[in-house]
$ cat structure.cif   # mmCIF, C-alpha atoms, pLDDT in the B column; chains and numbers go by the auth columns
data_work
loop_
_atom_site.group_PDB
_atom_site.id
_atom_site.type_symbol
_atom_site.label_atom_id
_atom_site.label_comp_id
_atom_site.label_asym_id
_atom_site.label_seq_id
_atom_site.Cartn_x
_atom_site.Cartn_y
_atom_site.Cartn_z
_atom_site.B_iso_or_equiv
_atom_site.auth_seq_id
_atom_site.auth_asym_id
ATOM 1 C CA MET A 1 250.858 74.565 346.515 92.00 1 A
ATOM 2 C CA PHE A 2 251.913 71.848 344.068 96.00 2 A
ATOM 3 C CA THR A 3 250.512 68.575 342.799 95.00 3 A
ATOM 4 C CA GLY A 4 253.611 66.403 342.439 97.00 4 A
ATOM 5 C CA ILE A 5 253.256 66.255 338.652 96.00 5 A
ATOM 6 C CA VAL A 6 256.710 67.156 337.332 97.00 6 A
ATOM 7 C CA GLU A 7 256.418 69.801 334.634 96.00 7 A
ATOM 8 C CA SER A 8 259.950 69.869 333.319 96.00 8 A
ATOM 9 C CA LEU A 9 263.495 68.707 333.929 97.00 9 A
ATOM 10 C CA GLY A 10 265.831 71.548 334.795 98.00 10 A
ATOM 11 C CA ARG A 11 269.605 71.564 335.023 98.00 11 A
ATOM 12 C CA VAL A 12 272.010 73.202 337.455 98.00 12 A
ATOM 13 C CA VAL A 13 274.373 75.354 335.387 98.00 13 A
ATOM 14 C CA ALA A 14 276.126 77.241 338.205 98.00 14 A
ATOM 15 C CA MET A 15 276.259 77.441 341.968 97.00 15 A
ATOM 16 C CA VAL A 16 277.984 79.563 344.600 97.00 16 A
ATOM 17 C CA GLY A 17 278.034 79.479 348.388 94.00 17 A
ATOM 18 C CA ASP A 18 278.881 77.199 351.280 91.00 18 A
ATOM 19 C CA GLU A 19 277.195 74.991 353.890 88.00 19 A
ATOM 20 C CA ASN A 20 275.246 77.975 355.253 93.00 20 A
ATOM 21 C CA GLN A 21 273.780 79.241 351.999 96.00 21 A
ATOM 22 C CA LYS A 22 273.922 78.268 348.337 97.00 22 A
ATOM 23 C CA THR A 23 272.618 79.998 345.230 97.00 23 A
ATOM 24 C CA PHE A 24 271.842 77.799 342.246 98.00 24 A
ATOM 25 C CA THR A 25 271.410 78.930 338.666 98.00 25 A
ATOM 26 C CA ILE A 26 268.828 76.673 337.050 98.00 26 A
ATOM 27 C CA GLU A 27 268.328 76.226 333.311 98.00 27 A
ATOM 28 C CA SER A 28 264.664 75.656 332.488 98.00 28 A
ATOM 29 C CA THR A 29 262.328 75.655 329.490 96.00 29 A
ATOM 30 C CA PHE A 30 259.940 77.963 331.366 97.00 30 A
ATOM 31 C CA ALA A 31 262.486 80.403 332.861 97.00 31 A
ATOM 32 C CA GLN A 32 261.309 83.233 330.571 96.00 32 A
ATOM 33 C CA GLU A 33 257.764 82.836 331.944 96.00 33 A
ATOM 34 C CA LEU A 34 258.781 83.320 335.573 97.00 34 A
ATOM 35 C CA ILE A 35 258.774 86.488 337.621 95.00 35 A
ATOM 36 C CA PRO A 36 260.796 87.178 340.790 97.00 36 A
ATOM 37 C CA GLY A 37 259.014 86.007 343.925 96.00 37 A
ATOM 38 C CA GLN A 38 257.248 83.042 342.352 96.00 38 A
ATOM 39 C CA SER A 39 257.515 79.590 343.905 97.00 39 A
ATOM 40 C CA VAL A 40 258.923 76.603 342.023 98.00 40 A
ATOM 41 C CA SER A 41 259.332 73.063 343.354 98.00 41 A
ATOM 42 C CA HIS A 42 262.868 71.697 342.924 98.00 42 A
ATOM 43 C CA ASN A 43 262.995 67.943 343.626 98.00 43 A
ATOM 44 C CA GLY A 44 260.039 68.562 345.920 98.00 44 A
ATOM 45 C CA VAL A 45 261.478 71.619 347.690 98.00 45 A
ATOM 46 C CA CYS A 46 259.599 74.906 347.316 97.00 46 A
ATOM 47 C CA LEU A 47 262.082 77.677 346.484 98.00 47 A
ATOM 48 C CA THR A 48 261.601 81.343 345.596 97.00 48 A
ATOM 49 C CA VAL A 49 262.637 82.574 342.152 98.00 49 A
ATOM 50 C CA GLU A 50 265.092 85.452 342.368 97.00 50 A
ATOM 51 C CA LYS A 51 267.079 86.832 339.417 96.00 51 A
ATOM 52 C CA ILE A 52 265.964 85.720 335.924 97.00 52 A
ATOM 53 C CA ASP A 53 267.896 85.780 332.638 97.00 53 A
ATOM 54 C CA ALA A 54 265.180 85.091 330.069 93.00 54 A
ATOM 55 C CA LYS A 55 267.594 85.150 327.120 94.00 55 A
ATOM 56 C CA ALA A 56 269.727 82.416 328.664 95.00 56 A
ATOM 57 C CA SER A 57 266.641 80.549 329.963 97.00 57 A
ATOM 58 C CA VAL A 58 267.992 80.510 333.524 98.00 58 A
ATOM 59 C CA TYR A 59 266.959 81.764 336.947 98.00 59 A
ATOM 60 C CA ASN A 60 268.450 81.825 340.449 98.00 60 A
ATOM 61 C CA VAL A 61 267.219 80.341 343.719 98.00 61 A
ATOM 62 C CA THR A 62 268.909 80.527 347.118 97.00 62 A
ATOM 63 C CA LEU A 63 268.886 77.796 349.769 96.00 63 A
ATOM 64 C CA ILE A 64 269.451 78.627 353.414 96.00 64 A
ATOM 65 C CA ARG A 65 271.138 76.298 355.891 95.00 65 A
ATOM 66 C CA GLN A 66 267.902 74.696 357.158 94.00 66 A
ATOM 67 C CA THR A 67 266.876 73.713 353.624 95.00 67 A
ATOM 68 C CA LEU A 68 270.335 72.342 352.874 95.00 68 A
ATOM 69 C CA GLU A 69 270.262 70.234 356.048 94.00 69 A
ATOM 70 C CA ARG A 70 266.692 68.954 355.679 94.00 70 A
ATOM 71 C CA SER A 71 266.758 68.068 351.973 97.00 71 A
ATOM 72 C CA SER A 72 269.069 66.450 349.444 97.00 72 A
ATOM 73 C CA LEU A 73 269.546 69.652 347.441 97.00 73 A
ATOM 74 C CA GLY A 74 272.890 70.350 349.056 94.00 74 A
ATOM 75 C CA ALA A 75 274.279 67.378 347.115 94.00 75 A
ATOM 76 C CA LEU A 76 273.412 68.918 343.739 96.00 76 A
ATOM 77 C CA ARG A 77 276.325 69.746 341.482 96.00 77 A
ATOM 78 C CA VAL A 78 276.749 71.644 338.228 97.00 78 A
ATOM 79 C CA SER A 79 275.059 69.577 335.472 97.00 79 A
ATOM 80 C CA SER A 80 272.698 67.835 337.960 97.00 80 A
ATOM 81 C CA ASN A 81 269.155 67.406 336.669 98.00 81 A
ATOM 82 C CA VAL A 82 266.256 68.672 338.791 98.00 82 A
ATOM 83 C CA ASN A 83 262.520 67.882 338.805 98.00 83 A
ATOM 84 C CA LEU A 84 260.655 71.180 338.366 98.00 84 A
ATOM 85 C CA GLU A 85 257.026 72.084 338.961 98.00 85 A
ATOM 86 C CA ARG A 86 255.456 75.530 339.075 97.00 86 A
ATOM 87 C CA CYS A 87 252.752 76.121 341.681 94.00 87 A
ATOM 88 C CA VAL A 88 249.276 74.928 340.720 92.00 88 A
ATOM 89 C CA ARG A 89 246.698 77.410 339.422 87.00 89 A
ATOM 90 C CA ALA A 90 243.299 77.558 341.101 86.00 90 A
ATOM 91 C CA ASP A 91 241.574 76.538 337.846 89.00 91 A
ATOM 92 C CA ALA A 92 243.889 73.600 337.103 86.00 92 A
ATOM 93 C CA ARG A 93 243.215 69.873 337.447 86.00 93 A
ATOM 94 C CA LEU A 94 244.747 68.312 340.556 86.00 94 A
ATOM 95 C CA ASP A 95 246.292 65.317 338.799 91.00 95 A
ATOM 96 C CA GLY A 96 248.548 64.303 341.684 92.00 96 A
ATOM 97 C CA HIS A 97 247.824 65.176 345.322 94.00 97 A
ATOM 98 C CA VAL A 98 248.197 68.226 347.556 94.00 98 A
ATOM 99 C CA VAL A 99 251.927 68.932 347.918 96.00 99 A
ATOM 100 C CA GLN A 100 253.340 71.889 349.820 95.00 100 A
ATOM 101 C CA GLY A 101 256.972 71.677 348.799 96.00 101 A
ATOM 102 C CA HIS A 102 257.931 71.400 352.480 95.00 102 A
ATOM 103 C CA VAL A 103 260.220 68.383 352.779 96.00 103 A
ATOM 104 C CA ASP A 104 259.698 66.360 355.955 96.00 104 A
ATOM 105 C CA SER A 105 262.749 64.136 355.666 96.00 105 A
ATOM 106 C CA VAL A 106 265.118 62.422 353.309 98.00 106 A
ATOM 107 C CA GLY A 107 264.923 58.730 352.515 98.00 107 A
ATOM 108 C CA THR A 108 267.337 56.275 350.939 98.00 108 A
ATOM 109 C CA ILE A 109 266.738 53.926 348.016 98.00 109 A
ATOM 110 C CA VAL A 110 267.499 50.417 349.290 97.00 110 A
ATOM 111 C CA LEU A 111 266.121 48.430 346.347 97.00 111 A
ATOM 112 C CA ALA A 112 265.693 49.205 342.654 98.00 112 A
ATOM 113 C CA GLU A 113 264.499 46.444 340.367 97.00 113 A
ATOM 114 C CA ASN A 114 262.855 46.166 336.991 97.00 114 A
ATOM 115 C CA GLU A 115 259.507 44.419 336.794 96.00 115 A
ATOM 116 C CA PRO A 116 257.233 43.862 333.769 96.00 116 A
ATOM 117 C CA GLY A 117 255.986 47.314 332.725 95.00 117 A
ATOM 118 C CA GLN A 118 257.369 49.123 335.750 97.00 118 A
ATOM 119 C CA LYS A 119 260.340 49.692 338.046 98.00 119 A
ATOM 120 C CA ARG A 120 260.042 49.110 341.782 97.00 120 A
ATOM 121 C CA PHE A 121 261.915 51.182 344.345 98.00 121 A
ATOM 122 C CA ARG A 122 262.088 50.495 348.066 97.00 122 A
ATOM 123 C CA ILE A 123 262.749 53.540 350.222 98.00 123 A
ATOM 124 C CA GLU A 124 263.984 53.539 353.805 97.00 124 A
ATOM 125 C CA PHE A 125 262.914 56.460 355.975 97.00 125 A
ATOM 126 C CA PRO A 126 263.120 57.611 359.643 95.00 126 A
ATOM 127 C CA ASP A 127 261.036 55.660 362.143 92.00 127 A
ATOM 128 C CA LYS A 128 259.156 58.727 363.458 91.00 128 A
ATOM 129 C CA PHE A 129 257.237 59.033 360.164 93.00 129 A
ATOM 130 C CA ALA A 130 256.034 55.413 360.071 91.00 130 A
ATOM 131 C CA SER A 131 252.442 56.311 361.017 90.00 131 A
ATOM 132 C CA LEU A 132 252.169 58.604 357.969 93.00 132 A
ATOM 133 C CA ILE A 133 252.699 55.806 355.425 93.00 133 A
ATOM 134 C CA VAL A 134 249.486 54.170 354.218 90.00 134 A
ATOM 135 C CA PRO A 135 249.388 51.428 351.549 90.00 135 A
ATOM 136 C CA ARG A 136 247.946 52.914 348.345 93.00 136 A
ATOM 137 C CA GLY A 137 248.197 56.352 349.931 93.00 137 A
ATOM 138 C CA SER A 138 250.054 59.318 348.464 95.00 138 A
ATOM 139 C CA ILE A 139 253.712 60.202 348.981 97.00 139 A
ATOM 140 C CA CYS A 140 255.853 62.862 347.316 98.00 140 A
ATOM 141 C CA VAL A 141 259.353 61.646 346.432 98.00 141 A
ATOM 142 C CA ASP A 142 261.771 64.188 344.916 98.00 142 A
ATOM 143 C CA GLY A 143 258.721 66.233 343.929 98.00 143 A
ATOM 144 C CA ILE A 144 256.924 63.327 342.243 98.00 144 A
ATOM 145 C CA SER A 145 253.429 62.375 343.406 97.00 145 A
ATOM 146 C CA LEU A 146 253.504 58.594 343.845 97.00 146 A
ATOM 147 C CA THR A 147 251.327 55.868 345.332 96.00 147 A
ATOM 148 C CA VAL A 148 252.663 53.687 348.151 96.00 148 A
ATOM 149 C CA ALA A 149 252.609 50.144 346.729 94.00 149 A
ATOM 150 C CA ASN A 150 253.191 48.554 350.123 89.00 150 A
ATOM 151 C CA SER A 151 255.002 49.300 353.356 86.00 151 A
ATOM 152 C CA GLY A 152 257.113 47.435 355.913 78.00 152 A
ATOM 153 C CA PRO A 153 258.264 45.420 357.570 77.00 153 A
ATOM 154 C CA GLY A 154 260.447 48.053 359.171 78.00 154 A
ATOM 155 C CA GLN A 155 260.664 51.666 358.067 93.00 155 A
ATOM 156 C CA VAL A 156 260.460 51.065 354.339 96.00 156 A
ATOM 157 C CA PHE A 157 257.865 51.492 351.623 97.00 157 A
ATOM 158 C CA ASP A 158 257.706 50.613 347.921 97.00 158 A
ATOM 159 C CA VAL A 159 256.700 52.721 344.945 97.00 159 A
ATOM 160 C CA CYS A 160 256.314 51.435 341.386 97.00 160 A
ATOM 161 C CA LEU A 161 257.015 53.777 338.484 98.00 161 A
ATOM 162 C CA ILE A 162 255.699 53.450 334.962 97.00 162 A
ATOM 163 C CA PRO A 163 258.049 54.076 331.988 97.00 163 A
ATOM 164 C CA HIS A 164 256.605 57.568 331.346 96.00 164 A
ATOM 165 C CA THR A 165 257.475 58.756 334.862 97.00 165 A
ATOM 166 C CA LEU A 166 260.992 57.359 334.526 97.00 166 A
ATOM 167 C CA GLU A 167 261.376 59.142 331.190 96.00 167 A
ATOM 168 C CA VAL A 168 260.310 62.636 332.300 97.00 168 A
ATOM 169 C CA THR A 169 261.793 62.807 335.819 98.00 169 A
ATOM 170 C CA ILE A 170 265.097 62.224 337.594 98.00 170 A
ATOM 171 C CA ALA A 171 263.734 58.915 338.901 98.00 171 A
ATOM 172 C CA SER A 172 265.582 57.243 336.034 96.00 172 A
ATOM 173 C CA GLN A 173 268.794 58.152 337.903 97.00 173 A
ATOM 174 C CA TRP A 174 267.729 56.620 341.214 98.00 174 A
ATOM 175 C CA GLU A 175 269.775 53.625 342.333 98.00 175 A
ATOM 176 C CA VAL A 176 270.520 51.852 345.586 98.00 176 A
ATOM 177 C CA GLY A 177 272.042 54.428 347.928 98.00 177 A
ATOM 178 C CA THR A 178 270.407 57.472 346.315 98.00 178 A
ATOM 179 C CA THR A 179 269.051 60.016 348.810 98.00 179 A
ATOM 180 C CA VAL A 180 265.569 61.351 347.980 98.00 180 A
ATOM 181 C CA ASN A 181 263.376 64.096 349.431 98.00 181 A
ATOM 182 C CA LEU A 182 260.167 62.941 351.121 98.00 182 A
ATOM 183 C CA GLU A 183 257.008 64.895 351.841 98.00 183 A
ATOM 184 C CA PHE A 184 254.285 62.917 353.577 97.00 184 A
ATOM 185 C CA ASP A 185 250.606 63.537 352.870 94.00 185 A
ATOM 186 C CA ILE A 186 249.495 66.786 354.550 94.00 186 A
ATOM 187 C CA ILE A 187 246.031 65.383 355.296 92.00 187 A
ATOM 188 C CA GLY A 188 247.593 62.479 357.167 90.00 188 A
ATOM 189 C CA LYS A 189 249.804 64.880 359.115 92.00 189 A
ATOM 190 C CA TYR A 190 246.812 66.945 360.242 92.00 190 A
ATOM 191 C CA VAL A 191 244.872 63.831 361.268 91.00 191 A
ATOM 192 C CA LYS A 192 247.861 62.528 363.246 88.00 192 A
ATOM 193 C CA LYS A 193 248.281 65.889 364.995 90.00 193 A
ATOM 194 C CA TRP A 194 244.590 65.952 365.916 92.00 194 A
ATOM 195 C CA MET A 195 244.725 62.393 367.250 90.00 195 A
ATOM 196 C CA ASP A 196 247.884 63.142 369.253 89.00 196 A
ATOM 197 C CA LEU A 197 246.220 66.167 370.865 92.00 197 A
ATOM 198 C CA ARG A 198 243.231 64.032 371.816 88.00 198 A
ATOM 199 C CA GLY A 199 245.549 61.544 373.496 77.00 199 A
#

$ encode --input "structure.cif" --output "structure tokens"
Amino acid sequence: MFTGIVESLGRVVAMVGDENQKTFTIESTFAQELIPGQSVSHNGVCLTVEKIDAKASVYNVTLIRQTLERSSLGALRVSSNVNLERCVRADARLDGHVVQGHVDSVGTIVLAENEPGQKRFRIEFPDKFASLIVPRGSICVDGISLTVANSGPGQVFDVCLIPHTLEVTIASQWEVGTTVNLEFDIIGKYVKKWMDLRG
């Protein structure tokens, strides 16, 4: 489980594979603290740590076809930056919200504009997830826990980012047309499932 509070920016330093499977080598400030089998969120996608080279401060993760198709990670290239978060400890503060690292869909940035003290992004997403967006509710975008500023009309919602978030995450690279990973609030998903079953 994660909280959507990005811990560090990583960098892709190598990759091998094809559309069915890709292995990324990620450079990270905490690579030497990892052990094989641990989970790390990469732009909101939970991946398993494999081989580690502590001296070079890098580790490997492998993405299977389903992950490549469901997320934006297949578009990463060597030198791409990545939002990283290690799984939350049971004794840690939950500063964001409950995030599983299981991407529901990708969205597209359709507006990016500077406002006093913040930057506003409008994100378009598939219609079938419209009931999971709640104004001032939580949403995880590229692994970042954010608050929905407003939603609609249509299948869009806005998020407003403060300068600190832009400085420490890849959100500073978002622009119109950028594809982002979306994970909707797990509590909302359970409530919707329960309501659907009740008819």

$ closest_atom_pairs --input "structure.cif" --of "range 93-119 of chain A" --to "range 183-196 of chain A" --cutoff "10 Å" --atoms "all atoms listed in the file" --output "CSV"
residue,atom,partner,partner_atom,distance
A:His97,CA,A:Asp185,CA,8.2
A:Val98,CA,A:Ile186,CA,7.3
A:Val99,CA,A:Ile186,CA,7.4
A:Gln100,CA,A:Ile186,CA,7.9
A:Gly101,CA,A:Glu183,CA,7.4
A:His102,CA,A:Glu183,CA,6.6
A:Val103,CA,A:Glu183,CA,4.8
A:Asp104,CA,A:Glu183,CA,5.1
A:Ser105,CA,A:Glu183,CA,6.9
A:Val106,CA,A:Glu183,CA,8.6

$ write_last_selection --input "structure.cif" --atoms "C-alpha atoms" --output "mmCIF file, in the coordinates of the input"
data_model
loop_
_atom_site.group_PDB
_atom_site.id
_atom_site.type_symbol
_atom_site.label_atom_id
_atom_site.label_comp_id
_atom_site.auth_asym_id
_atom_site.auth_seq_id
_atom_site.Cartn_x
_atom_site.Cartn_y
_atom_site.Cartn_z
ATOM 1 C CA HIS A 97 247.824 65.176 345.322
ATOM 2 C CA VAL A 98 248.197 68.226 347.556
ATOM 3 C CA VAL A 99 251.927 68.932 347.918
ATOM 4 C CA GLN A 100 253.340 71.889 349.820
ATOM 5 C CA GLY A 101 256.972 71.677 348.799
ATOM 6 C CA HIS A 102 257.931 71.400 352.480
ATOM 7 C CA VAL A 103 260.220 68.383 352.779
ATOM 8 C CA ASP A 104 259.698 66.360 355.955
ATOM 9 C CA SER A 105 262.749 64.136 355.666
ATOM 10 C CA VAL A 106 265.118 62.422 353.309
#

$ residues_around --input "structure.cif" --residues "range 142-152 of chain A" --least-positions-apart "6" --cutoff "7 Å" --atoms "only C-alpha atoms" --output "PDB file with C-alpha atoms, keeping the file's coordinate frame"
ATOM      1  CA  THR A   3     250.512  68.575 342.799  1.00 95.00           C
ATOM      2  CA  GLY A   4     253.611  66.403 342.439  1.00 97.00           C
ATOM      3  CA  ILE A   5     253.256  66.255 338.652  1.00 96.00           C
ATOM      4  CA  VAL A   6     256.710  67.156 337.332  1.00 97.00           C
ATOM      5  CA  SER A  41     259.332  73.063 343.354  1.00 98.00           C
ATOM      6  CA  HIS A  42     262.868  71.697 342.924  1.00 98.00           C
ATOM      7  CA  ASN A  43     262.995  67.943 343.626  1.00 98.00           C
ATOM      8  CA  GLY A  44     260.039  68.562 345.920  1.00 98.00           C
ATOM      9  CA  ASN A  83     262.520  67.882 338.805  1.00 98.00           C
ATOM     10  CA  GLY A  96     248.548  64.303 341.684  1.00 92.00           C
ATOM     11  CA  HIS A  97     247.824  65.176 345.322  1.00 94.00           C
ATOM     12  CA  VAL A 134     249.486  54.170 354.218  1.00 90.00           C
ATOM     13  CA  PRO A 135     249.388  51.428 351.549  1.00 90.00           C
ATOM     14  CA  ARG A 136     247.946  52.914 348.345  1.00 93.00           C
ATOM     15  CA  ASP A 158     257.706  50.613 347.921  1.00 97.00           C
ATOM     16  CA  VAL A 159     256.700  52.721 344.945  1.00 97.00           C
ATOM     17  CA  CYS A 160     256.314  51.435 341.386  1.00 97.00           C
ATOM     18  CA  VAL A 180     265.569  61.351 347.980  1.00 98.00           C
ATOM     19  CA  ASN A 181     263.376  64.096 349.431  1.00 98.00           C
ATOM     20  CA  LEU A 182     260.167  62.941 351.121  1.00 98.00           C
TER      21      LEU A 182
END

$ residues_around --input "structure.cif" --residues "Val82 in chain A" --least-positions-apart "5" --cutoff "6 Å" --atoms "all atoms listed in the file" --output "CSV table (one decimal) with C-alpha atoms, in the coordinates of the input"
chain,number,residue,atom,x,y,z
A,9,LEU,CA,263.5,68.7,333.9
A,10,GLY,CA,265.8,71.5,334.8
A,11,ARG,CA,269.6,71.6,335.0
A,43,ASN,CA,263.0,67.9,343.6

$ closest_residue --input "structure.cif" --among "A:Thr23, A:Gln118, A:Ser8, A:Thr165" --to "Val78 in chain A" --atoms "only C-alpha atoms"
A:Thr23

$ closest_residue --input "structure.cif" --among "A:Met15, A:Cys140, A:Ile64, A:Val156" --to "Ile109 in chain A" --atoms "all atoms listed in the file"
A:Val156

$ closest_residue --input "structure.cif" --among "A:Gln66, A:Ser138, A:Ser79, A:Thr179" --to "Ile26 in chain A" --atoms "only C-alpha atoms"
A:Ser79

$ atom_distance --input "structure.cif" --atom1 "CA of Pro126 in chain A" --atom2 "CA of Asp18 in chain A"
26.5 Å

$ atom_distance --input "structure.cif" --atom1 "CA of Pro163 in chain A" --atom2 "CA of Gly177 in chain A"
21.2 Å

$ resolve_selection --input "structure.cif" --expression "the PyMOL selection byres ((chain A and resi 55) around 12)" --output "list in words"
Glu27, Ser28, Thr29, Phe30, Ala31, Gln32, Glu33, Ile52, Asp53, Ala54, Ala56, Ser57, Val58 and Tyr59 of chain A

$ closest_residue --input "structure.cif" --among "A:Leu63, A:Val45, A:Ala14, A:Ile123" --to "Ser80 in chain A" --atoms "only C-alpha atoms"
A:Ala14

$ closest_residue --input "structure.cif" --among "A:Gln173, A:Gln38, A:Thr48, A:Thr178" --to "Lys119 in chain A" --atoms "only C-alpha atoms"
A:Gln173

$ atom_distance --input "structure.cif" --atom1 "CA of Thr25 in chain A" --atom2 "CA of Ala75 in chain A"
14.6 Å

$ decode --input "structure.cif" --residues "range 153-165 of chain A" --atoms "N, CA and C atoms" --output "PDB file, in the first residue's frame"
ATOM      1  N   PRO A 153     -17.987  19.920 -16.921  1.00  0.00           N
ATOM      2  CA  PRO A 153     -18.876  18.982 -17.603  1.00  0.00           C
ATOM      3  C   PRO A 153     -18.106  18.022 -18.500  1.00  0.00           C
ATOM      4  N   GLY A 154     -18.684  16.860 -18.750  1.00  0.00           N
ATOM      5  CA  GLY A 154     -17.983  15.845 -19.507  1.00  0.00           C
ATOM      6  C   GLY A 154     -17.064  15.046 -18.611  1.00  0.00           C
ATOM      7  N   GLN A 155     -16.255  14.201 -19.216  1.00  0.00           N
ATOM      8  CA  GLN A 155     -15.368  13.325 -18.445  1.00  0.00           C
ATOM      9  C   GLN A 155     -14.011  13.991 -18.227  1.00  0.00           C
ATOM     10  N   VAL A 156     -14.050  15.068 -17.448  1.00  0.00           N
ATOM     11  CA  VAL A 156     -12.827  15.777 -17.094  1.00  0.00           C
ATOM     12  C   VAL A 156     -12.882  16.165 -15.623  1.00  0.00           C
ATOM     13  N   PHE A 157     -11.710  16.339 -15.027  1.00  0.00           N
ATOM     14  CA  PHE A 157     -11.617  16.888 -13.689  1.00  0.00           C
ATOM     15  C   PHE A 157     -10.364  17.750 -13.611  1.00  0.00           C
ATOM     16  N   ASP A 158     -10.346  18.671 -12.655  1.00  0.00           N
ATOM     17  CA  ASP A 158      -9.205  19.563 -12.455  1.00  0.00           C
ATOM     18  C   ASP A 158      -8.474  19.220 -11.170  1.00  0.00           C
ATOM     19  N   VAL A 159      -7.167  19.383 -11.193  1.00  0.00           N
ATOM     20  CA  VAL A 159      -6.343  19.331  -9.991  1.00  0.00           C
ATOM     21  C   VAL A 159      -5.446  20.566 -10.001  1.00  0.00           C
ATOM     22  N   CYS A 160      -5.185  21.106  -8.825  1.00  0.00           N
ATOM     23  CA  CYS A 160      -4.325  22.286  -8.699  1.00  0.00           C
ATOM     24  C   CYS A 160      -3.110  21.928  -7.867  1.00  0.00           C
ATOM     25  N   LEU A 161      -1.923  22.165  -8.414  1.00  0.00           N
ATOM     26  CA  LEU A 161      -0.688  21.771  -7.750  1.00  0.00           C
ATOM     27  C   LEU A 161       0.067  22.984  -7.237  1.00  0.00           C
ATOM     28  N   ILE A 162       0.545  22.853  -5.996  1.00  0.00           N
ATOM     29  CA  ILE A 162       1.347  23.911  -5.400  1.00  0.00           C
ATOM     30  C   ILE A 162       2.778  23.813  -5.935  1.00  0.00           C
ATOM     31  N   PRO A 163       3.582  24.880  -5.804  1.00  0.00           N
ATOM     32  CA  PRO A 163       4.953  24.858  -6.329  1.00  0.00           C
ATOM     33  C   PRO A 163       5.802  23.704  -5.800  1.00  0.00           C
ATOM     34  N   HIS A 164       5.636  23.333  -4.520  1.00  0.00           N
ATOM     35  CA  HIS A 164       6.446  22.245  -3.957  1.00  0.00           C
ATOM     36  C   HIS A 164       6.200  20.942  -4.704  1.00  0.00           C
ATOM     37  N   THR A 165       4.944  20.622  -4.980  1.00  0.00           N
ATOM     38  CA  THR A 165       4.622  19.383  -5.694  1.00  0.00           C
ATOM     39  C   THR A 165       5.219  19.399  -7.095  1.00  0.00           C
TER      40      THR A 165
END
